[in-house]
Amino acid sequence: MDLLNTLVDKGLRRELPTREEALAVLATSDDDLLEVVTAAGKVRRQWFGRRVKLNYLVNLKSGLCPEDCSYCSQRLGSKAEILKYTWLKPDEASKAAAAGVAGGAKRVCLVASGRGPTDRDVDRVSQTIEAIKEQNEGVEVCACLGLLSEGQAGRLRSAGADAYNHNLNTSEGTYGDITTTHTYADRVETVQQAQAAGLSACSGLIAGMGESDTDLVDVVFSLRELDPDSVPVNFLIPFEGTPLAKEWNLTPQRCLRILAMVRFVCPDVEVRLAGGREVHLRSMQPLALHLVNSIFLGDYLTSEGQAGQADLDMIADAGFEVEGAGTTTLPRHRTAAGTEPEAGGGCGGHSTGCAPCGDVADEPAVVDAKAPAARTDLVAVRRRGAGTDLAPNA
């Protein structure tokens, strides 16, 4: 297929595809799916070999968020029956992080619900970072605390944080349909603050919220312009009790096409398969490893994930290997440019400034020819790990 040959050549040269080429990837048929995966896999292996980076989420504070993000089980007004608790103590968070590190995680991602941290919150998280690094030599720590105020990114960096996550989630044009309590520009500014402070920036998206192909290409091109080190790709988990509970728009095949498009547009960054992979990719998760070079180990913020050992078995069975702590994640040309303060990467879990990507005619949200059945049986609320007395899934 000429399209795929062109995209592979561009990916190996780190050249940006055209918007039309990116849209064409999303429009390929299921009959061509394995060819698409094979082509994007060549780009993935060029920059990351067969390594898979493992990341582990610690939800420092769960629920009761004042923001109204429609996709989120922790949002204002959410009726999802998730765990709700206030800040974990530094030693509790360190203990939770140790479970992930013992399971093979190279990076610990510290997440807290809320609009953004107060200065007191930053002090608390700084103490947590110090506790984690004292107990787990060489571990990378990423913070995800919402919108940052001036100076807070620098304070987190001084405390030992390696990265900061703040996702764009969807296109600028549709952002107001998803969230009204802050703006797309607010998110852009926070990612830029993290970059300016020397933190490895991580920013990604959520697919499956009813967006069009154009929206997906818009947000991924915006991410390319923003140039984070890590791009997590989440697939909407339609929690009962949230406004998007009825949005079941994804098939495993569409998820793979989305991941391939992200890889072609962002060939040399850490592309992470994040929240929702078990719900929407299901038995086709191993194919995604040919497209992404990073996953989360075990559970997510408010939902259960695949068992940690099952993740490790999947990686090995698919012919990949877990990335070691002593290995630099990003290619040399990115680390040499100073975009990666430590071993690199970023974080993001279901929880940019970019110029507009050009005018494209509006199009309806894409739904596969055979509407996927709602697999509510696969949406399991997390009841173990951080904030509970039960052992975590790592």
# chains A, B, ... in the order shown; residues from 1 in each chain; ligands from 1
$ select_by_dssp --residues "segment 248-300 of chain A" --states "helix (DSSP H, G or I)" --output "VMD selection string"
chain A and resid 252 to 265 277 to 280 282 to 288
$ residues_around --residues "segment 241-253 of chain A" --least-positions-apart "5" --cutoff "6 Å" --atoms "only C-alpha atoms" --output "PyMOL selection string"
chain A and resi 70-71+78-80+208+280-281+367+374
$ residues_around --residues "Gly116 of chain A" --least-positions-apart "3" --cutoff "8 Å" --atoms "only C-alpha atoms" --output "MDAnalysis selection string"
chainID A and resid 145:149
$ closest_residue --among "A:Ser94, A:Thr181, A:Asn136, A:Thr214" --to "Arg115 of chain A" --atoms "only C-alpha atoms"
A:Thr181
$ closest_residue --among "A:Gly298, A:Glu35, A:Ser158, A:Leu291" --to "Asp2 of chain A" --atoms "only C-alpha atoms"
A:Glu35
$ residues_around --residues "Lys106 of chain A" --least-positions-apart "5" --cutoff "8 Å" --atoms "only C-alpha atoms" --output "short mmCIF file (atom, residue, chain, number, x, y, z; two decimals) with N, CA and C atoms, in the first residue's frame"
data_model
loop_
_atom_site.label_atom_id
_atom_site.label_comp_id
_atom_site.auth_asym_id
_atom_site.auth_seq_id
_atom_site.Cartn_x
_atom_site.Cartn_y
_atom_site.Cartn_z
N LYS A 53 8.13 -0.16 28.24
CA LYS A 53 8.30 0.50 29.54
C LYS A 53 7.05 0.30 30.38
N LEU A 54 7.25 -0.06 31.64
CA LEU A 54 6.14 -0.26 32.57
C LEU A 54 6.03 0.94 33.51
N ASN A 55 4.81 1.39 33.71
CA ASN A 55 4.52 2.52 34.58
C ASN A 55 3.45 2.11 35.58
N TYR A 56 3.49 2.72 36.75
CA TYR A 56 2.55 2.31 37.80
C TYR A 56 1.88 3.54 38.40
N VAL A 101 6.94 -1.00 41.65
CA VAL A 101 8.36 -1.17 41.30
C VAL A 101 8.75 -2.65 41.40
N VAL A 139 14.15 4.87 40.66
CA VAL A 139 12.80 4.94 40.10
C VAL A 139 12.54 6.35 39.57
N GLU A 140 11.80 6.44 38.47
CA GLU A 140 11.38 7.73 37.94
C GLU A 140 10.02 8.08 38.55
N GLU A 323 11.48 -2.99 29.67
CA GLU A 323 12.60 -2.05 29.67
C GLU A 323 13.21 -1.96 31.06
N GLY A 324 14.52 -2.13 31.15
CA GLY A 324 15.20 -2.09 32.43
C GLY A 324 15.40 -0.69 32.96
N ALA A 325 15.64 -0.61 34.27
CA ALA A 325 15.81 0.69 34.92
C ALA A 325 17.01 1.45 34.39
#
$ select_by_dssp --residues "segment 18-217 of chain A" --states "strand (DSSP E or B)" --output "count of residues only"
34
$ closest_residue --among "A:Ala194, A:Val122, A:Arg155, A:Pro267" --to "Asp9 of chain A" --atoms "only C-alpha atoms"
A:Pro267
$ residues_around --residues "Asn234 of chain A" --least-positions-apart "4" --cutoff "6 Å" --atoms "only C-alpha atoms" --output "number ranges by chain"
A: 206, 274-275
$ residues_around --residues "segment 123-130 of chain A" --least-positions-apart "2" --cutoff "10 Å" --atoms "only C-alpha atoms" --output "ChimeraX atom specification"
/A:60,87-94,108,110-112,117-121,132-136,140-143,145,152,155-162
$ write_last_selection --atoms "N, CA, C and O atoms" --output "compact mmCIF listing (two decimals), in the first residue's frame"
# COMPACT_ATOMS: atom_id res chain seq x y z
N LEU A 60 -3.18 9.42 44.65
CA LEU A 60 -2.92 10.03 45.96
C LEU A 60 -4.17 10.54 46.64
O LEU A 60 -4.24 10.61 47.86
N TRP A 87 -5.84 12.84 50.85
CA TRP A 87 -4.43 12.59 50.54
C TRP A 87 -3.82 11.41 51.31
O TRP A 87 -3.97 11.31 52.53
N LEU A 88 -3.15 10.54 50.58
CA LEU A 88 -2.34 9.52 51.24
C LEU A 88 -1.15 10.17 51.92
O LEU A 88 -0.60 11.16 51.42
N LYS A 89 -0.74 9.62 53.03
CA LYS A 89 0.50 10.08 53.68
C LYS A 89 1.69 9.64 52.84
O LYS A 89 1.62 8.65 52.11
N PRO A 90 2.81 10.36 52.94
CA PRO A 90 3.98 9.99 52.13
C PRO A 90 4.40 8.53 52.28
O PRO A 90 4.76 7.88 51.29
N ASP A 91 4.35 8.00 53.51
CA ASP A 91 4.76 6.61 53.68
C ASP A 91 3.76 5.64 53.05
O ASP A 91 4.14 4.58 52.53
N GLU A 92 2.47 6.00 53.06
CA GLU A 92 1.46 5.16 52.41
C GLU A 92 1.65 5.15 50.89
O GLU A 92 1.57 4.10 50.24
N ALA A 93 1.92 6.33 50.34
CA ALA A 93 2.16 6.41 48.90
C ALA A 93 3.43 5.67 48.51
O ALA A 93 3.48 5.00 47.47
N SER A 94 4.46 5.77 49.34
CA SER A 94 5.71 5.09 49.06
C SER A 94 5.53 3.57 49.07
O SER A 94 6.08 2.86 48.23
N VAL A 108 6.85 5.61 38.46
CA VAL A 108 5.68 5.74 39.31
C VAL A 108 5.01 7.06 38.99
O VAL A 108 5.66 8.11 38.96
N LEU A 110 2.26 9.72 40.14
CA LEU A 110 1.50 10.19 41.30
C LEU A 110 0.39 11.12 40.82
O LEU A 110 0.65 12.18 40.26
N VAL A 111 -0.86 10.71 41.04
CA VAL A 111 -2.00 11.45 40.52
C VAL A 111 -2.90 11.87 41.66
O VAL A 111 -3.09 11.13 42.63
N ALA A 112 -3.46 13.08 41.56
CA ALA A 112 -4.41 13.55 42.56
C ALA A 112 -5.54 14.28 41.87
O ALA A 112 -5.31 15.10 40.97
N PRO A 117 -3.03 21.88 42.32
CA PRO A 117 -2.54 21.83 43.70
C PRO A 117 -2.38 23.20 44.34
O PRO A 117 -2.04 24.19 43.67
N THR A 118 -2.63 23.27 45.62
CA THR A 118 -2.23 24.44 46.40
C THR A 118 -0.74 24.32 46.69
O THR A 118 -0.12 23.27 46.46
N ASP A 119 -0.15 25.38 47.20
CA ASP A 119 1.27 25.30 47.57
C ASP A 119 1.48 24.25 48.66
O ASP A 119 2.51 23.56 48.68
N ARG A 120 0.51 24.13 49.56
CA ARG A 120 0.61 23.10 50.60
C ARG A 120 0.57 21.71 49.97
O ARG A 120 1.29 20.80 50.40
N ASP A 121 -0.26 21.54 48.94
CA ASP A 121 -0.32 20.25 48.23
C ASP A 121 1.02 19.94 47.58
O ASP A 121 1.47 18.79 47.59
N ILE A 132 9.48 8.18 48.17
CA ILE A 132 9.51 7.13 47.15
C ILE A 132 10.94 6.92 46.65
O ILE A 132 11.41 5.79 46.52
N LYS A 133 11.64 8.00 46.39
CA LYS A 133 12.99 7.87 45.84
C LYS A 133 13.98 7.34 46.88
O LYS A 133 14.95 6.67 46.54
N GLU A 134 13.71 7.65 48.14
CA GLU A 134 14.57 7.12 49.20
C GLU A 134 14.44 5.61 49.32
O GLU A 134 15.41 4.90 49.58
N GLN A 135 13.23 5.10 49.09
CA GLN A 135 12.97 3.67 49.25
C GLN A 135 13.19 2.88 47.96
O GLN A 135 13.34 1.65 48.01
N ASN A 136 13.19 3.56 46.80
CA ASN A 136 13.29 2.87 45.52
C ASN A 136 14.33 3.56 44.66
O ASN A 136 14.01 4.45 43.86
N GLU A 140 11.80 6.44 38.47
CA GLU A 140 11.38 7.73 37.94
C GLU A 140 10.02 8.08 38.55
O GLU A 140 9.19 7.20 38.78
N VAL A 141 9.80 9.36 38.78
CA VAL A 141 8.52 9.80 39.35
C VAL A 141 7.92 10.88 38.46
O VAL A 141 8.59 11.85 38.10
N CYS A 142 6.67 10.68 38.12
CA CYS A 142 5.90 11.66 37.36
C CYS A 142 4.74 12.13 38.24
O CYS A 142 4.12 11.34 38.93
N ALA A 143 4.48 13.44 38.21
CA ALA A 143 3.35 14.00 38.95
C ALA A 143 2.25 14.40 37.99
O ALA A 143 2.52 14.87 36.89
N LEU A 145 -1.13 16.51 38.78
CA LEU A 145 -1.87 17.16 39.85
C LEU A 145 -2.85 18.21 39.34
O LEU A 145 -3.43 18.95 40.13
N GLN A 152 5.20 26.32 40.62
CA GLN A 152 4.97 24.99 41.18
C GLN A 152 5.72 23.90 40.43
O GLN A 152 6.20 22.94 41.05
N ARG A 155 9.22 23.76 41.72
CA ARG A 155 9.30 23.17 43.05
C ARG A 155 9.22 21.65 42.98
O ARG A 155 9.94 20.95 43.70
N LEU A 156 8.38 21.14 42.11
CA LEU A 156 8.29 19.69 41.95
C LEU A 156 9.59 19.14 41.37
O LEU A 156 10.07 18.08 41.79
N ARG A 157 10.16 19.86 40.44
CA ARG A 157 11.44 19.44 39.86
C ARG A 157 12.53 19.41 40.92
O ARG A 157 13.33 18.46 41.01
N SER A 158 12.56 20.42 41.77
CA SER A 158 13.56 20.48 42.85
C SER A 158 13.38 19.35 43.85
O SER A 158 14.34 18.88 44.45
N ALA A 159 12.14 18.90 44.02
CA ALA A 159 11.86 17.81 44.96
C ALA A 159 12.23 16.45 44.39
O ALA A 159 12.20 15.45 45.11
N GLY A 160 12.56 16.41 43.09
CA GLY A 160 12.97 15.14 42.50
C GLY A 160 12.04 14.58 41.45
O GLY A 160 12.29 13.49 40.92
N ALA A 161 10.96 15.30 41.13
CA ALA A 161 10.06 14.83 40.06
C ALA A 161 10.82 14.83 38.74
O ALA A 161 11.59 15.74 38.45
N ASP A 162 10.59 13.80 37.95
CA ASP A 162 11.22 13.70 36.64
C ASP A 162 10.31 14.20 35.52
O ASP A 162 10.80 14.64 34.48
$ closest_residue --among "A:Leu330, A:Ala288, A:Leu16, A:Val279" --to "Ser222 of chain A" --atoms "only C-alpha atoms"
A:Leu16
$ atom_distance --atom1 "atom CA of Ala185 of chain A" --atom2 "atom CA of Met261 of chain A"
24.1 Å
$ decode --residues "segment 86-105 of chain A" --atoms "N, CA, C and O atoms" --output "tab-separated table (two decimals), in the first residue's frame"
chain	number	residue	atom	x	y	z
A	86	THR	N	-9.08	11.17	50.96
A	86	THR	CA	-8.23	12.34	50.88
A	86	THR	C	-6.77	11.90	50.76
A	86	THR	O	-6.47	10.71	50.61
A	87	TRP	N	-5.84	12.84	50.85
A	87	TRP	CA	-4.43	12.59	50.54
A	87	TRP	C	-3.82	11.41	51.31
A	87	TRP	O	-3.97	11.31	52.53
A	88	LEU	N	-3.15	10.54	50.58
A	88	LEU	CA	-2.34	9.52	51.24
A	88	LEU	C	-1.15	10.17	51.92
A	88	LEU	O	-0.60	11.16	51.42
A	89	LYS	N	-0.74	9.62	53.03
A	89	LYS	CA	0.50	10.08	53.68
A	89	LYS	C	1.69	9.64	52.84
A	89	LYS	O	1.62	8.65	52.11
A	90	PRO	N	2.81	10.36	52.94
A	90	PRO	CA	3.98	9.99	52.13
A	90	PRO	C	4.40	8.53	52.28
A	90	PRO	O	4.76	7.88	51.29
A	91	ASP	N	4.35	8.00	53.51
A	91	ASP	CA	4.76	6.61	53.68
A	91	ASP	C	3.76	5.64	53.05
A	91	ASP	O	4.14	4.58	52.53
A	92	GLU	N	2.47	6.00	53.06
A	92	GLU	CA	1.46	5.16	52.41
A	92	GLU	C	1.65	5.15	50.89
A	92	GLU	O	1.57	4.10	50.24
A	93	ALA	N	1.92	6.33	50.34
A	93	ALA	CA	2.16	6.41	48.90
A	93	ALA	C	3.43	5.67	48.51
A	93	ALA	O	3.48	5.00	47.47
A	94	SER	N	4.46	5.77	49.34
A	94	SER	CA	5.71	5.09	49.06
A	94	SER	C	5.53	3.57	49.07
A	94	SER	O	6.08	2.86	48.23
A	95	LYS	N	4.72	3.10	50.01
A	95	LYS	CA	4.44	1.66	50.08
A	95	LYS	C	3.69	1.20	48.84
A	95	LYS	O	3.99	0.13	48.26
A	96	ALA	N	2.72	2.01	48.39
A	96	ALA	CA	1.98	1.66	47.18
A	96	ALA	C	2.89	1.66	45.97
A	96	ALA	O	2.81	0.77	45.11
A	97	ALA	N	3.77	2.64	45.89
A	97	ALA	CA	4.71	2.72	44.77
A	97	ALA	C	5.64	1.52	44.73
A	97	ALA	O	5.97	1.00	43.66
A	98	ALA	N	6.08	1.08	45.92
A	98	ALA	CA	7.02	-0.05	46.01
A	98	ALA	C	6.43	-1.31	45.40
A	98	ALA	O	7.15	-2.12	44.80
A	99	ALA	N	5.11	-1.48	45.52
A	99	ALA	CA	4.46	-2.66	44.93
A	99	ALA	C	4.59	-2.64	43.41
A	99	ALA	O	4.85	-3.67	42.78
A	100	GLY	N	4.43	-1.46	42.81
A	100	GLY	CA	4.57	-1.35	41.38
A	100	GLY	C	6.00	-1.57	40.91
A	100	GLY	O	6.25	-2.25	39.91
A	101	VAL	N	6.94	-1.00	41.65
A	101	VAL	CA	8.36	-1.17	41.30
A	101	VAL	C	8.75	-2.65	41.40
A	101	VAL	O	9.46	-3.19	40.55
A	102	ALA	N	8.25	-3.33	42.44
A	102	ALA	CA	8.54	-4.75	42.61
A	102	ALA	C	7.96	-5.57	41.45
A	102	ALA	O	8.51	-6.61	41.09
A	103	GLY	N	6.88	-5.08	40.86
A	103	GLY	CA	6.26	-5.76	39.74
A	103	GLY	C	6.94	-5.49	38.41
A	103	GLY	O	6.55	-6.06	37.40
A	104	GLY	N	7.93	-4.59	38.40
A	104	GLY	CA	8.67	-4.30	37.18
A	104	GLY	C	8.52	-2.90	36.66
A	104	GLY	O	9.09	-2.56	35.61
A	105	ALA	N	7.76	-2.04	37.36
A	105	ALA	CA	7.56	-0.68	36.88
A	105	ALA	C	8.84	0.13	36.99
A	105	ALA	O	9.53	0.09	38.00
